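File shown: target.cif. Contents: mmCIF, C-alpha atoms and all ligand atoms.
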data_query
#
loop_
_atom_site.label_atom_id
_atom_site.label_comp_id
_atom_site.auth_asym_id
_atom_site.auth_seq_id
_atom_site.Cartn_x
_atom_site.Cartn_y
_atom_site.Cartn_z
CA MET A 180 -14.96 3.48 -25.50
CA THR A 181 -16.67 4.23 -22.22
CA VAL A 182 -14.95 6.30 -19.57
CA THR A 183 -14.51 4.04 -16.57
CA ASN A 184 -13.79 5.23 -13.06
CA HIS A 185 -12.88 2.06 -11.21
CA HIS A 186 -9.76 0.21 -12.28
CA PRO A 187 -7.66 -2.78 -11.24
CA THR A 188 -4.65 -1.82 -9.11
CA ASP A 189 -1.22 -1.55 -10.70
CA GLU A 190 -0.05 -4.68 -8.91
CA LEU A 191 -2.97 -6.62 -10.33
CA LEU A 192 -2.25 -5.31 -13.83
CA ALA A 193 1.40 -6.31 -13.42
CA LEU A 194 0.38 -9.86 -12.47
CA TYR A 195 -1.90 -9.90 -15.49
CA SER A 196 0.88 -8.74 -17.78
CA ALA A 197 3.21 -11.36 -16.31
CA GLY A 198 0.65 -14.11 -16.89
CA SER A 199 0.68 -14.93 -13.18
CA LEU A 200 -3.02 -14.33 -12.49
CA PRO A 201 -5.48 -17.23 -12.33
CA LEU A 202 -7.44 -17.24 -15.59
CA SER A 203 -10.72 -16.42 -13.88
CA GLN A 204 -9.22 -13.16 -12.58
CA ALA A 205 -7.42 -12.52 -15.85
CA LEU A 206 -10.81 -12.75 -17.55
CA CYS A 207 -12.12 -9.88 -15.41
CA VAL A 208 -9.07 -7.76 -16.17
CA SER A 209 -9.38 -8.53 -19.91
CA THR A 210 -13.02 -7.53 -19.80
CA HIS A 211 -12.19 -4.23 -18.12
CA LEU A 212 -9.41 -3.61 -20.66
CA GLU A 213 -11.92 -3.75 -23.48
CA TYR A 214 -13.59 -0.71 -21.94
CA CYS A 215 -10.60 1.16 -20.59
CA ASP A 216 -7.92 2.96 -22.61
CA ALA A 217 -6.04 4.14 -19.53
CA CYS A 218 -5.40 0.60 -18.33
CA GLY A 219 -4.62 -0.55 -21.88
CA HIS A 220 -1.97 2.11 -22.06
CA LYS A 221 -0.47 0.97 -18.77
CA LEU A 222 -0.60 -2.64 -19.84
CA ARG A 223 1.46 -1.97 -22.95
CA TYR A 224 4.06 -0.39 -20.70
CA LEU A 225 3.94 -3.37 -18.31
CA ASP A 226 4.32 -5.80 -21.22
CA ARG A 227 7.45 -3.90 -22.20
CA ILE A 228 8.83 -4.41 -18.71
CA GLY A 229 8.19 -8.14 -19.08
CA SER A 230 9.85 -8.17 -22.47
CA THR A 231 12.90 -6.32 -21.13
CA LEU A 232 13.19 -8.78 -18.24
CA MET A 233 12.96 -11.69 -20.67
CA GLN A 234 15.80 -10.24 -22.73
CA LYS A 235 17.94 -9.97 -19.62
CA LEU A 236 17.84 -13.74 -19.10
CA LYS A 237 20.88 -15.74 -20.10
CA PRO A 238 19.93 -17.26 -23.49
CA SER A 239 19.65 -21.03 -23.58
CA PRO A 240 20.78 -22.34 -27.01
CA ALA A 241 18.24 -24.25 -29.10
CA SER A 242 19.24 -27.46 -30.87
CA ALA A 243 19.54 -27.64 -34.66
CA GLU A 244 17.00 -30.44 -34.54
CA LEU A 245 14.40 -28.15 -32.93
CA LYS A 246 14.92 -25.62 -35.69
CA VAL A 247 14.48 -28.24 -38.42
CA ARG A 248 11.39 -29.61 -36.72
CA THR A 249 9.84 -26.15 -36.40
CA LEU A 250 10.59 -25.18 -40.01
CA GLU A 251 9.18 -28.46 -41.28
CA GLN A 252 5.96 -27.82 -39.47
CA LEU A 253 5.30 -24.60 -41.35
CA ASP A 254 4.24 -26.48 -44.49
CA SER A 255 1.51 -28.36 -42.73
CA LEU A 256 -0.10 -25.24 -41.28
CA PRO A 257 -3.29 -23.72 -42.62
CA GLU A 258 -2.58 -20.56 -44.57
CA LYS A 259 -5.23 -18.58 -42.79
CA GLN A 260 -6.31 -18.92 -39.20
CA VAL A 261 -9.94 -19.77 -38.69
CA GLU A 262 -11.72 -17.25 -36.51
CA THR A 263 -13.77 -19.19 -33.99
CA THR A 264 -15.47 -16.50 -31.97
CA SER A 265 -19.17 -16.20 -32.55
CA GLU A 266 -20.70 -13.05 -33.95
CA VAL A 267 -23.98 -13.53 -32.11
CA ASN A 268 -23.01 -11.22 -29.31
CA SER A 269 -21.06 -8.41 -30.84
CA SER A 270 -22.14 -6.20 -27.95
CA LEU A 271 -20.35 -8.47 -25.48
CA PRO A 272 -16.67 -8.07 -24.65
CA ARG A 273 -14.65 -10.25 -27.02
CA CYS A 274 -13.00 -12.26 -24.28
CA LEU A 275 -16.40 -13.44 -23.00
CA ARG A 276 -17.69 -14.70 -26.32
CA GLN A 277 -15.98 -18.07 -25.96
CA PHE A 278 -18.43 -18.80 -23.14
CA ILE A 279 -21.56 -17.41 -24.67
CA ASN A 280 -22.72 -18.62 -28.06
CA CYS A 281 -26.31 -17.52 -27.97
CA SER A 282 -28.16 -14.31 -27.26
CA CYS A 283 -27.84 -13.17 -23.66
CA ASP A 284 -31.59 -13.65 -23.07
CA ASN A 285 -31.39 -17.38 -23.82
CA LEU A 286 -28.60 -18.14 -21.42
CA GLY A 287 -30.65 -20.14 -18.93
CA TRP A 288 -30.70 -17.58 -16.16
CA LYS A 289 -31.55 -18.98 -12.76
CA ARG A 290 -33.41 -16.77 -10.38
CA VAL A 291 -31.82 -16.61 -6.94
CA SER A 292 -34.05 -13.94 -5.41
CA ALA A 293 -36.80 -11.57 -6.43
CA ASP A 294 -34.17 -9.16 -7.73
CA ILE A 295 -31.29 -11.31 -8.90
CA SER A 296 -30.67 -13.96 -11.57
CA ARG A 297 -27.43 -15.69 -12.36
CA VAL A 298 -25.86 -17.97 -14.91
CA GLU A 299 -22.62 -19.84 -14.42
CA LEU A 300 -20.25 -19.55 -17.39
CA TRP A 301 -17.31 -21.54 -16.22
CA ARG A 302 -15.75 -23.05 -13.15
CA ASP A 303 -12.00 -23.40 -12.85
CA ASN A 304 -10.36 -26.43 -11.29
CA ASN A 305 -9.17 -24.26 -8.38
CA GLY A 306 -12.80 -23.71 -7.42
CA ALA A 307 -13.08 -20.21 -8.85
CA LYS A 308 -16.45 -19.49 -10.32
CA VAL A 309 -17.18 -17.26 -13.31
CA GLU A 310 -20.75 -16.12 -13.74
CA LEU A 311 -23.04 -13.41 -14.99
CA LEU A 312 -25.36 -11.69 -12.53
CA LYS A 313 -28.45 -9.79 -13.51
CA ILE A 314 -30.04 -7.36 -11.07
CA ARG A 315 -33.48 -6.01 -11.93
CA PRO A 316 -33.84 -2.18 -12.14
CA GLY A 317 -33.66 -0.80 -8.61
CA GLY A 318 -33.11 -4.30 -7.23
CA ALA A 319 -30.83 -4.97 -4.30
CA ALA A 320 -28.63 -7.79 -3.12
CA ALA A 321 -28.55 -8.48 0.59
CA THR A 322 -25.60 -7.18 2.56
CA HIS A 323 -22.86 -9.74 2.39
CA THR A 324 -19.23 -10.46 3.14
CA HIS A 325 -17.03 -13.09 1.56
CA GLN A 326 -14.14 -15.21 2.61
CA GLY A 327 -12.47 -15.20 -0.79
CA ASP A 328 -12.07 -12.28 -3.14
CA GLU A 329 -14.88 -11.24 -5.42
CA TYR A 330 -14.13 -9.59 -8.76
CA THR A 331 -16.87 -7.74 -10.60
CA VAL A 332 -17.02 -5.95 -13.94
CA VAL A 333 -20.16 -4.07 -14.98
CA LEU A 334 -21.28 -5.07 -18.49
CA GLU A 335 -24.68 -3.34 -18.75
CA GLY A 336 -26.47 -0.75 -16.63
CA SER A 337 -25.04 0.38 -13.33
CA PHE A 338 -25.22 -0.24 -9.61
CA SER A 339 -24.01 1.38 -6.44
CA ASP A 340 -22.97 0.32 -2.98
CA GLU A 341 -21.67 2.05 0.15
CA LYS A 342 -18.47 3.02 -1.65
CA GLY A 343 -19.64 4.38 -4.96
CA LEU A 344 -21.41 4.14 -8.28
CA TYR A 345 -20.26 1.57 -10.83
CA GLN A 346 -20.95 1.85 -14.52
CA ARG A 347 -20.25 -0.07 -17.70
CA GLY A 348 -16.66 -1.28 -17.72
CA ASP A 349 -15.95 -0.50 -14.07
CA PHE A 350 -13.82 -3.04 -12.20
CA LEU A 351 -14.29 -3.86 -8.51
CA LEU A 352 -12.45 -6.10 -6.15
CA ARG A 353 -14.00 -6.88 -2.79
CA ASP A 354 -12.22 -8.94 -0.18
CA GLN A 355 -13.28 -10.50 3.10
CA ASN A 356 -13.03 -7.23 4.98
CA ASP A 357 -15.63 -5.55 2.84
CA ARG A 358 -19.30 -5.68 3.64
CA HIS A 359 -21.41 -4.35 0.87
CA THR A 360 -24.95 -3.97 -0.36
CA PRO A 361 -25.12 -3.55 -4.15
CA VAL A 362 -28.23 -1.80 -5.51
CA ALA A 363 -28.96 -1.56 -9.23
CA THR A 364 -29.77 1.84 -10.68
CA ARG A 365 -33.51 2.43 -11.00
CA ASP A 366 -33.87 2.96 -14.75
CA CYS A 367 -32.41 -0.24 -16.19
CA GLU A 368 -31.30 -3.72 -15.29
CA CYS A 369 -27.69 -4.32 -14.46
CA ILE A 370 -25.59 -7.20 -15.81
CA CYS A 371 -22.22 -7.94 -14.27
CA LEU A 372 -19.44 -10.41 -14.75
CA ALA A 373 -18.59 -11.86 -11.35
CA VAL A 374 -15.74 -14.08 -10.28
CA THR A 375 -15.67 -15.55 -6.81
CA GLU A 376 -12.36 -16.97 -5.71
CA GLY A 377 -12.86 -18.74 -2.41
CA PRO A 378 -15.73 -20.22 -0.46
CA VAL A 379 -18.07 -17.57 0.88
CA GLN A 380 -18.19 -17.03 4.62
CA LEU A 381 -21.48 -17.89 6.21
CA THR A 382 -21.64 -15.80 9.33
CA GLY A 383 -24.69 -17.44 10.83
CA PHE A 384 -27.74 -19.53 10.19
CA PHE A 385 -29.85 -16.54 9.17
CA SER A 386 -27.38 -15.25 6.66
CA ARG A 387 -27.98 -18.41 4.66
CA ILE A 388 -31.65 -17.58 4.40
CA LEU A 389 -31.30 -13.86 4.06
CA ASN A 390 -28.42 -13.66 1.72
CA PRO A 391 -29.01 -14.57 -1.90
CA LEU A 392 -25.48 -13.65 -2.95
CA ILE A 393 -24.13 -16.16 -0.48
CA ARG A 394 -26.57 -18.79 -1.62
CA ARG A 395 -25.73 -18.31 -5.25
CA ALA A 396 -22.06 -18.87 -4.56
CA TYR A 397 -20.84 -22.37 -3.81
CA ALA A 398 -24.36 -23.65 -3.26
CA VAL A 399 -23.97 -26.61 -5.63
CA MET B 123 31.15 -0.88 -25.67
CA GLY B 124 29.79 2.46 -24.44
CA LYS B 125 26.15 2.89 -23.52
CA MET B 126 25.33 4.86 -26.69
CA ALA B 127 27.01 2.35 -28.98
CA GLU B 128 25.29 -0.48 -27.16
CA ASN B 129 21.89 1.16 -27.57
CA GLN B 130 22.64 1.76 -31.23
CA ALA B 131 23.56 -1.90 -31.73
CA THR B 132 20.37 -3.01 -29.98
CA SER B 133 18.17 -0.82 -32.13
CA ASP B 134 19.99 -1.89 -35.33
CA LYS B 135 19.41 -5.51 -34.37
CA LEU B 136 15.75 -4.82 -33.69
CA ALA B 137 15.40 -3.02 -37.02
CA SER B 138 16.85 -5.99 -38.92
CA LEU B 139 14.54 -8.37 -37.07
CA GLY B 140 11.69 -6.05 -38.03
CA VAL B 141 12.65 -6.46 -41.68
CA CYS B 142 12.58 -10.26 -41.26
CA MET B 143 9.16 -9.96 -39.70
CA ARG B 144 7.85 -8.00 -42.68
CA ARG B 145 9.26 -10.60 -45.09
CA VAL B 146 7.53 -13.35 -43.14
CA ALA B 147 4.24 -11.44 -43.20
CA GLU B 148 4.32 -10.33 -46.82
CA ASP B 149 6.36 -12.98 -48.68
CA ARG B 150 6.03 -15.98 -46.32
CA ASP B 151 9.83 -16.00 -46.42
CA LYS B 152 11.26 -19.02 -44.58
CA HIS B 153 14.83 -17.69 -44.51
CA ALA B 154 13.63 -14.61 -42.73
CA PHE B 155 11.67 -16.87 -40.38
CA ALA B 156 14.82 -18.90 -39.68
CA LYS B 157 16.61 -15.68 -38.69
CA LEU B 158 13.83 -14.84 -36.25
CA PHE B 159 14.09 -18.37 -34.90
CA ASP B 160 17.85 -18.04 -34.35
CA HIS B 161 17.35 -14.84 -32.41
CA TYR B 162 14.31 -15.69 -30.32
CA ALA B 163 14.52 -19.45 -29.68
CA PRO B 164 17.30 -19.17 -27.03
CA GLN B 165 15.41 -16.34 -25.30
CA LEU B 166 12.19 -18.34 -25.30
CA ARG B 167 13.91 -21.39 -23.90
CA ALA B 168 15.41 -19.28 -21.12
CA TYR B 169 11.96 -17.86 -20.36
CA SER B 170 10.43 -21.32 -20.07
CA LEU B 171 13.33 -22.66 -18.00
CA ALA B 172 13.01 -19.73 -15.59
CA ARG B 173 9.63 -21.10 -14.57
CA GLU B 174 10.41 -24.79 -14.87
CA PRO B 175 14.14 -25.31 -14.37
CA GLY B 176 15.48 -28.40 -16.08
CA ALA B 177 12.33 -29.00 -18.12
CA ASP B 178 13.95 -29.03 -21.58
CA PRO B 179 11.11 -30.74 -23.48
CA ILE B 180 8.67 -28.08 -22.22
CA ALA B 181 11.11 -25.33 -23.19
CA ASP B 182 11.37 -26.78 -26.72
CA GLU B 183 7.61 -27.08 -26.94
CA LEU B 184 7.25 -23.42 -25.99
CA VAL B 185 9.76 -22.40 -28.68
CA GLN B 186 7.84 -24.36 -31.28
CA GLU B 187 4.44 -23.05 -30.24
CA VAL B 188 5.55 -19.44 -30.12
CA MET B 189 7.43 -19.55 -33.42
CA ILE B 190 4.46 -21.16 -35.14
CA ARG B 191 2.22 -18.41 -33.79
CA VAL B 192 4.74 -15.91 -35.16
CA TRP B 193 4.34 -17.53 -38.60
CA LEU B 194 0.54 -17.64 -38.39
CA LYS B 195 0.02 -14.21 -36.86
CA ALA B 196 2.76 -12.36 -38.74
CA GLY B 197 0.12 -10.42 -40.68
CA LYS B 198 -1.48 -9.23 -37.47
CA TYR B 199 1.72 -8.00 -35.87
CA ASN B 200 1.48 -4.26 -35.60
CA ALA B 201 4.84 -2.53 -35.54
CA ARG B 202 3.26 0.77 -34.62
CA LEU B 203 1.68 -0.59 -31.47
CA SER B 204 4.43 -2.64 -29.92
CA ASN B 205 7.94 -3.53 -30.82
CA LEU B 206 8.81 -7.04 -31.88
CA ASN B 207 10.41 -7.99 -28.55
CA THR B 208 7.27 -7.02 -26.67
CA TRP B 209 5.04 -8.84 -29.12
CA ILE B 210 7.12 -12.00 -28.76
CA PHE B 211 6.92 -11.64 -24.97
CA THR B 212 3.12 -11.51 -25.05
CA LEU B 213 3.00 -14.58 -27.33
CA ALA B 214 5.40 -16.42 -25.01
CA ARG B 215 3.38 -15.50 -21.94
CA ASN B 216 0.16 -16.74 -23.51
CA CYS B 217 1.75 -19.96 -24.78
CA ARG B 218 3.24 -20.67 -21.39
CA ILE B 219 -0.18 -20.37 -19.74
CA ASP B 220 -1.61 -22.55 -22.49
CA LEU B 221 1.00 -25.29 -22.11
CA MET B 222 0.68 -25.33 -18.35
CA ARG B 223 -3.03 -25.80 -18.55
CA ARG B 224 -2.73 -28.51 -21.17
CA SER B 225 -0.29 -30.43 -19.01
CA ASN B 226 -2.80 -30.35 -16.16
CA ARG B 227 -5.16 -33.25 -16.74
CA HIS B 228 -7.92 -31.64 -14.69
CA ALA B 229 -7.85 -28.44 -16.70
CA ASN B 230 -11.09 -27.18 -18.14
CA THR B 231 -11.71 -26.49 -21.75
CA ILE B 232 -10.98 -22.83 -21.77
CA ASN B 233 -8.84 -21.07 -24.29
CA PRO B 234 -6.40 -18.70 -22.56
CA THR B 235 -5.45 -17.14 -25.88
CA ASP B 236 -8.99 -15.88 -26.26
CA ILE B 237 -8.71 -14.18 -22.91
CA PHE B 238 -5.53 -12.36 -23.81
CA SER B 239 -6.17 -11.93 -27.53
CA GLN B 240 -7.08 -8.27 -27.68
CA ILE B 241 -3.67 -7.41 -26.37
CA GLU B 242 -1.89 -9.23 -29.14
CA ASP B 243 -3.77 -7.76 -32.03
CA ASP B 244 -5.34 -4.50 -31.04
CA SER B 245 -5.84 -1.56 -33.36
CA PRO B 246 -2.95 0.94 -33.60
CA GLY B 247 -2.22 2.98 -30.53
CA PRO B 248 -0.79 6.46 -30.33
CA PHE B 249 2.82 5.33 -30.16
CA GLN B 250 5.36 6.06 -32.83
CA GLN B 251 8.43 3.92 -33.30
CA ALA B 252 10.82 6.54 -31.89
CA GLN B 253 8.69 6.93 -28.80
CA ILE B 254 8.61 3.17 -28.34
CA SER B 255 12.39 2.87 -28.41
CA ARG B 256 12.69 5.76 -25.98
CA ILE B 257 10.36 3.98 -23.58
CA GLU B 258 12.35 0.74 -23.98
CA GLU B 259 15.53 2.56 -23.09
CA SER B 260 13.97 4.18 -20.04
CA ILE B 261 12.67 0.80 -18.83
CA LYS B 262 16.10 -0.76 -19.27
CA ALA B 263 17.76 2.05 -17.37
CA GLY B 264 15.05 1.95 -14.71
CA LEU B 265 15.43 -1.80 -14.17
CA GLU B 266 19.15 -1.37 -13.69
CA LYS B 267 18.57 1.23 -11.01
CA LEU B 268 15.98 -0.75 -9.05
CA PRO B 269 16.98 -1.87 -5.54
CA GLN B 270 17.84 -5.58 -5.60
CA GLU B 271 14.87 -6.54 -3.41
CA GLN B 272 12.40 -4.92 -5.79
CA PHE B 273 14.10 -6.35 -8.85
CA GLU B 274 13.93 -9.82 -7.34
CA VAL B 275 10.19 -9.63 -6.69
CA LEU B 276 9.57 -8.31 -10.19
CA THR B 277 11.62 -11.14 -11.69
CA ARG B 278 9.66 -13.72 -9.78
CA VAL B 279 6.37 -12.25 -10.95
CA TYR B 280 7.34 -11.91 -14.60
CA LEU B 281 9.76 -14.69 -15.31
CA GLU B 282 8.82 -17.36 -12.82
CA GLY B 283 5.11 -16.59 -13.12
CA LYS B 284 4.59 -16.55 -9.35
CA SER B 285 1.67 -15.09 -7.45
CA HIS B 286 2.25 -12.65 -4.59
CA GLN B 287 1.28 -15.42 -2.16
CA GLN B 288 3.87 -17.83 -3.56
CA ILE B 289 6.57 -15.18 -3.43
CA SER B 290 5.69 -14.28 0.13
CA ALA B 291 5.99 -17.96 1.13
CA GLU B 292 9.28 -18.45 -0.72
CA LEU B 293 10.97 -15.32 0.58
CA LYS B 294 9.36 -15.65 4.03
CA LEU B 295 8.04 -12.12 3.77
CA PRO B 296 4.62 -10.76 4.73
CA LEU B 297 2.24 -10.55 1.77
CA GLY B 298 1.98 -6.79 2.27
CA THR B 299 5.74 -6.41 1.87
CA VAL B 300 5.71 -8.31 -1.43
CA LYS B 301 2.87 -6.18 -2.73
CA SER B 302 4.54 -2.96 -1.68
CA ARG B 303 7.80 -3.98 -3.37
CA VAL B 304 5.92 -4.55 -6.61
CA ARG B 305 4.18 -1.22 -6.17
CA LEU B 306 7.44 0.61 -5.45
CA ALA B 307 9.10 -0.98 -8.47
CA MET B 308 6.19 0.11 -10.67
CA LYS B 309 6.48 3.60 -9.28
CA LYS B 310 10.20 3.74 -10.00
CA LEU B 311 9.56 2.49 -13.50
CA LYS B 312 6.96 5.25 -13.86
CA VAL B 313 4.04 2.95 -14.47
CA LEU B 314 1.96 4.93 -12.02
CA VAL B 315 0.84 7.59 -14.43
CA THR B 316 -2.02 9.67 -13.12
CA ARG B 317 -5.38 8.85 -14.56
ZN ZN A 401 -9.00 0.88 -16.24
#
So that I can check it, write out the structure of this file as structure tokens.
Amino acid sequence: MTVTNHHPTDELLALYSAGSLPLSQALCVSTHLEYCDACGHKLRYLDRIGSTLMQKLKPSPASAELKVRTLEQLDSLPEKQVETTSEVNSSLPRCLRQFINCSCDNLGWKRVSADISRVELWRDNNGAKVELLKIRPGGAAATHTHQGDEYTVVLEGSFSDEKGLYQRGDFLLRDQNDRHTPVATRDCECICLAVTEGPVQLTGFFSRILNPLIRRAYAV
Amino acid sequence: MGKMAENQATSDKLASLGVCMRRVAEDRDKHAFAKLFDHYAPQLRAYSLAREPGADPIADELVQEVMIRVWLKAGKYNARLSNLNTWIFTLARNCRIDLMRRSNRHANTINPTDIFSQIEDDSPGPFQQAQISRIEESIKAGLEKLPQEQFEVLTRVYLEGKSHQQISAELKLPLGTVKSRVRLAMKKLKVLVTR
């Protein structure tokens, strides 16, 4: 377990525990949780709050027929559940393995600038985009802002921006008011999970040319 | 019934459900399973109806899905890590997300259970059973003491599965107010432990 310094807020964790977060965001929180005991500890407490609230609801009786139907189904179930997750990437967070069934190097990375490559893992029907970003050692992304929120979790290496240094497992949320310039640490490449929620703001004609992080988002 | 007696009755009930759970896990005991069904099915239906009022078929589907996961995952349930009620809640939450996505014909092929799985079947944490019940009691007491406006927001997040934006639209409150009510409720419930 790595010691992480940047965590989701308590409100975000509560939404996660409640199951009210869009799955793309939940994926980022899950990823962080695999690295962070402190948040895992909080989450168990938050789940207990949810469970207590559920018990406070007025019970709604189930029909006898539903009970019979459920019991009958037990006989047709497989005795043991088949584990489907691949073992190819045991170094990857478990919740990401459903998207990645080969070695990270063979993922079909697309270069978006001299310093940055990306690969899209999944796109939700609400337009949210889940991708991996790879920044070469010491590489920088152009300064950018975004209209929607951007969630990032560091998977390998580290990077820094105006606000701090982010290492393996760290969780960041940047909204439209943030301008930032991420720079990967010099000694190794940095791989991040990135989720972009809304369309990215293009502030002017030149930003389109100058800004690879804007081009990589919503360019298709 | 006094508070102490009530707490005692609750923990006795939970202990007997725990025994049923062990019988299901170890002996694949269907009578024990039926007892779990009797206890949890009405709660699960209420949970589903909180989000989709009047949708009885969906509520029944959730009951079935969750109870079948209970049967299949009984061996993975870890009594040291979470109590049975909390475990059932996490299964119900995941199933509800699952069912909602399946009912959406544009949904992508993603498995929500994979996203949440490490929370269901993690390795044992530092909690002992006595500690867990103490925490449960403090949460119950804390929820009862919450100001109505905070309790309402929390209920909408947890039971109705609403986002902060949806709640702000429904209650005609600024987004910041909704967020701060959640934050205050968390604080009162002592979630904000220092890191
Ligand atoms: Zn954390």
**Message:** Please compute the atom CA of Leu311 of chain A-atom CA of Asn216 of chain B distance, one decimal, in Å.
**Reply:**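 Atom-to-atom, atom CA of Leu311 of chain A to atom CA of Asn216 of chain B, that is 24.9 Å.
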Can you write out as a tab-separated table which residues of chain A fall within 6 Å of chain B, alongside each residue's closest atom pair and its distance in Å to one decimal, counting all atoms listed in the file and ordering rows by chain and ascending residue number?
residue	atom	partner	partner_atom	distance
A:Ala197	CA	B:Tyr280	CA	4.5
A:Gly198	CA	B:Arg215	CA	5.9
A:Ser199	CA	B:Gly283	CA	4.7
A:Leu206	CA	B:Ile237	CA	5.9
A:Arg227	CA	B:Thr208	CA	5.5
A:Gly229	CA	B:Tyr280	CA	5.9
A:Ser230	CA	B:Thr208	CA	5.1
A:Pro238	CA	B:Pro164	CA	4.8
A:Ser239	CA	B:Pro164	CA	4.6
A:Pro240	CA	B:Pro164	CA	4.7
A:Ala241	CA	B:Pro164	CA	5.6
A:Thr249	CA	B:Gln186	CA	5.8
A:Cys274	CA	B:Ile237	CA	4.9
Keeping only C-alpha atoms, write those residues as a compact mmCIF listing (two decimals), in the coordinates of the input.
# COMPACT_ATOMS: atom_id res chain seq x y z
CA ALA A 197 3.21 -11.36 -16.31
CA GLY A 198 0.65 -14.11 -16.89
CA SER A 199 0.68 -14.93 -13.18
CA LEU A 206 -10.81 -12.75 -17.55
CA ARG A 227 7.45 -3.90 -22.20
CA GLY A 229 8.19 -8.14 -19.08
CA SER A 230 9.85 -8.17 -22.47
CA PRO A 238 19.93 -17.26 -23.49
CA SER A 239 19.65 -21.03 -23.58
CA PRO A 240 20.78 -22.34 -27.01
CA ALA A 241 18.24 -24.25 -29.10
CA THR A 249 9.84 -26.15 -36.40
CA CYS A 274 -13.00 -12.26 -24.28
Write out as JSON lines a residue-level contact list of chain A versus ligand ZN 401 (chain A) with cut-off 8 Å: for each qualifying residue the closest pair of atoms and the distance in Å to one decimal, counting only C-alpha atoms and all ligand atoms, rows sorted by chain and residue number upward.
{"residue": "A:Thr183", "atom": "CA", "partner": "A:ZN401", "partner_atom": "ZN", "distance": 6.4}
{"residue": "A:Asn184", "atom": "CA", "partner": "A:ZN401", "partner_atom": "ZN", "distance": 7.2}
{"residue": "A:His185", "atom": "CA", "partner": "A:ZN401", "partner_atom": "ZN", "distance": 6.5}
{"residue": "A:His186", "atom": "CA", "partner": "A:ZN401", "partner_atom": "ZN", "distance": 4.1}
{"residue": "A:Pro187", "atom": "CA", "partner": "A:ZN401", "partner_atom": "ZN", "distance": 6.3}
{"residue": "A:His211", "atom": "CA", "partner": "A:ZN401", "partner_atom": "ZN", "distance": 6.3}
{"residue": "A:Leu212", "atom": "CA", "partner": "A:ZN401", "partner_atom": "ZN", "distance": 6.3}
{"residue": "A:Tyr214", "atom": "CA", "partner": "A:ZN401", "partner_atom": "ZN", "distance": 7.5}
{"residue": "A:Cys215", "atom": "CA", "partner": "A:ZN401", "partner_atom": "ZN", "distance": 4.6}
{"residue": "A:Asp216", "atom": "CA", "partner": "A:ZN401", "partner_atom": "ZN", "distance": 6.8}
{"residue": "A:Ala217", "atom": "CA", "partner": "A:ZN401", "partner_atom": "ZN", "distance": 5.5}
{"residue": "A:Cys218", "atom": "CA", "partner": "A:ZN401", "partner_atom": "ZN", "distance": 4.2}
{"residue": "A:Gly219", "atom": "CA", "partner": "A:ZN401", "partner_atom": "ZN", "distance": 7.3}
{"residue": "A:Asp349", "atom": "CA", "partner": "A:ZN401", "partner_atom": "ZN", "distance": 7.4}
{"residue": "A:Phe350", "atom": "CA", "partner": "A:ZN401", "partner_atom": "ZN", "distance": 7.4}
**Request:** Can you work out the spacing between atom CA of Thr331 of chain A and atom CA of Pro296 of chain B in Å, to one decimal?
**Result:** 26.6 Å
**Request:** For segment 290-306 of chain A, please output as a ChimeraX atom specification all residues within 6 Å (counting all atoms listed in the file; exclusion window: fewer than 6 positions along the same chain).
**Result:** /A:312-315,318
**Request:** Work out how far apart atom CA of Leu295 of chain B and atom CA of Leu194 of chain A are and give it in Å to one decimal.
**Result:**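 Between these atoms lies a distance of 18.1 Å.
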**Asked** Can you list, as a list in words, every protein, DNA or RNA residue that comes within 12 Å of Asn129 of chain B when you count all atoms listed in the file, leaving out same-chain residues fewer than 4 positions away?
**Response**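 Once the nearby chain positions are removed, what remains is Met123, Gly124, Lys125, Ser133, Asp134, Lys135, Leu136, Ser255, Arg256, Glu258, Glu259, Ser260, Lys262 and Ala263 of chain B.
Comparing the minimum interatomic distances between Leu256 of chain A and each of B:Ser138, B:Arg191, B:Gly176, B:Ala196, counting all atoms listed in the file, we find that B:Arg191 sits nearest.
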**Request:** Tell me which protein, DNA and RNA residues are within 9 Å of Thr375 of chain A, counting only C-alpha atoms, leaving out same-chain ones fewer than 6 positions away, and put them as a count of residues only.
**Result:** 14
**Asked** Contacts of segment 334-345 of chain A at 9 Å or less, counting all atoms listed in the file, minus same-chain residues fewer than 4 places along, as a count of residues only?
**Response** 27
